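What follows is one structure encoded as structure tokens, with my remarks underneath.
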Amino acid sequence: MIPLHKLFKLPRPQRLRKAAKIFGEAEQRFIVSKQLPADEAEYLGGVLELLVNDGSFSPAALAALEIVRAGFNPSDTNAKETLRSFAAVYHLLLEATGRYQADWDFIESGGALDPSMRHPFPGMQVYLEDIRSPFNVGSMFRAAESFGTEKIWLSPLCADPRHKRAERTAMGCVDVLPWQRLSEDPFAGPEAGVLAETDAIIPGFSEGSFFTMETGGIPLADFLFPSSGIMIAGSEELGVSPRALAAADASLGRVSIPVYGAKGSLNVSVAFGIVMQAWAAQLDKR
């Protein structure tokens, strides 16, 4: 550990980056061990005190640092509060240097998920059609697992759930939620709304009832979700493909989320989570 007097002789940008690294690494060690040695806890407290007395932070950042310093105690048994203190200091320092973390860079403190804790709804399945962002794929896996999805199907062009950003966002759900990538477009049959013969042999998919999350459909509050079926979620850029829309229209139709803002649309993973919760809530009441 760099001595405190040397740390604060560094030029301000270098000093803040070094302090951020100190707290970031300490946070990761705390996540693993749930405690820190007394000398390191004392050292971190000294860094905090010097930061508060640094005089180069904005009033809002300084007030936030003072709040953290008042309650900072890495030897406390309340690990969650200690982690919040670490995270608060780390992100305040990043902000002071003009840097912000991407969503996939956040530290996840949870361990591996226990598959035996899953209680999926039999027949609740999802088809992700050409979702291109690994972040969105990971977020949709997390929502699907949380709301009891039995299985996820992926189109040939869907982003890889094993991409590091997808796995980081999914937080273990890729490992416990069954999923399968199709080798061909299942809706590229000879007629609109007819499944391709190549995928007719896949159990569950070819036999499922389909509906899609798309504009111009039945409002979410009025939609009757199936006990067994497959929801189609389409590309961020182009939405659900015409053939998949035709399959849904020929089966259970479209469900839409009413919106009231100027934008008039939602990120696909946010919309997906809203619809999945509504589906799970209906099934839970039956």
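Each chain in the structure tokens gets a letter, A, B, ..., in the order shown, and its residues are numbered from 1; ligands are numbered from 1 in order too.
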For the structure I just gave you, how does DSSP split range 19-194 of chain A - specifically, which residues are strand (DSSP E or B)? Reply as a JSON list (two decimals) with C-alpha atoms, in the first residue's frame.
[["chain", "number", "residue", "atom", "x", "y", "z"],
["A", 124, "MET", "CA", -43.51, -20.91, -20.70],
["A", 125, "GLN", "CA", -40.93, -20.43, -23.44],
["A", 126, "VAL", "CA", -39.32, -17.56, -25.33],
["A", 127, "TYR", "CA", -37.84, -17.06, -28.80],
["A", 128, "LEU", "CA", -35.22, -14.31, -29.11],
["A", 151, "LYS", "CA", -36.64, -22.51, -21.99],
["A", 152, "ILE", "CA", -35.20, -19.89, -24.36],
["A", 153, "TRP", "CA", -34.82, -20.43, -28.08],
["A", 154, "LEU", "CA", -32.35, -18.32, -30.07],
["A", 179, "TRP", "CA", -31.56, -22.62, -24.03],
["A", 180, "GLN", "CA", -31.02, -23.75, -27.58],
["A", 181, "ARG", "CA", -29.92, -22.00, -30.76]]
Next item on the list: Using DSSP on the backbone coordinates, identify all residues within range 32-273 of chain A classified as alpha helix (DSSP H); present the result as a VMD selection string.
Entry: chain A and resid 32 to 33 38 to 52 59 to 71 79 to 96 134 to 146 164 to 170 173 to 176 242 to 249 268 to 273
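When only C-alpha atoms are used to measure the gap to Ala61 in chain A, the shortest distance among A:Leu224, A:Leu92, A:Glu49, A:Gly234 belongs to A:Leu92.
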Check: Which distance in Å separates CA of Ala159 in chain A and CA of Arg118 in chain A, to one decimal?
Finding: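 Computed distance, CA of Ala159 in chain A to CA of Arg118 in chain A, equals 24.5 Å.
Residues surrounding range 275-280 of chain A within 9 Å are A:Phe121, A:Met124, A:Ala143, A:Ala144, A:Ser146, A:Phe147, A:Gly148, A:Thr149, A:Met213, A:Leu220, A:Ala221, A:Leu224, A:Phe225, A:Pro226, A:Val255, A:Ser256, A:Ile257, A:Val270, A:Lys285 [only C-alpha atoms; sequence separation below 5 positions excluded].
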Notebook entry, point to check: Between A:Leu4, A:Ala60, A:Ala41, A:Leu177, which is the closest to Pro74 in chain A once you count only C-alpha atoms?
Noted result: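 Closest to Pro74 in chain A of all the choices is A:Ala41.
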Note to self: Report, in Å with one decimal, the straight-line distance from CA of Ser155 in chain A to CA of Ile230 in chain A.
What the structure shows: 13.3 Å
Notebook entry, point to check: In terms of the shortest atom-to-atom distance over only C-alpha atoms, which of A:Leu245, A:Val52, A:Ile31, A:Ala19 is closest to Thr97 in chain A?
Noted result: A:Ala19
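Using only C-alpha atoms, the shortest contact distance between Glu27 in chain A and any of A:Glu42, A:Ala246, A:Arg84, A:Ser56 is found at A:Arg84.
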Check: Contacts of Arg286 in chain A at 9 Å or less, counting only C-alpha atoms, minus same-chain residues fewer than 3 places along, as a PyMOL selection string?
Finding: chain A and resi 227+282-283
Notebook entry, point to check: Between CA of Ile67 in chain A and CA of Tyr43 in chain A, what is the spacing in Å?
Noted result: 18.0 Å
Margin query: So, with only C-alpha atoms as the atoms that count, which of A:Phe211, A:Tyr260, A:Phe141, A:Phe30 lies closest to Glu81 in chain A?
Written below: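 Ranked by minimum distance to Glu81 in chain A, first place goes to A:Phe30.
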Next item on the list: Excluding range 161-171 of chain A and residues on its chain fewer than 5 positions from it, collect all residues at most 7 Å away from it, counting only C-alpha atoms, and give them as a VMD selection string.
Entry: chain A and resid 104 134 to 135 137 to 139 141 to 142
Save the residues we just selected, C-alpha atoms, as a PDB file, in the first residue's frame?
ATOM      1  CA  TRP A 104     -20.846  -4.916 -17.784  1.00  0.00           C
ATOM      2  CA  PRO A 134     -24.990  -9.141 -25.770  1.00  0.00           C
ATOM      3  CA  PHE A 135     -26.085  -6.789 -22.986  1.00  0.00           C
ATOM      4  CA  VAL A 137     -29.424 -10.935 -24.382  1.00  0.00           C
ATOM      5  CA  GLY A 138     -27.967 -11.210 -20.880  1.00  0.00           C
ATOM      6  CA  SER A 139     -30.618  -8.911 -19.428  1.00  0.00           C
ATOM      7  CA  PHE A 141     -31.946 -14.192 -19.780  1.00  0.00           C
ATOM      8  CA  ARG A 142     -31.984 -12.718 -16.287  1.00  0.00           C
TER       9      ARG A 142
END
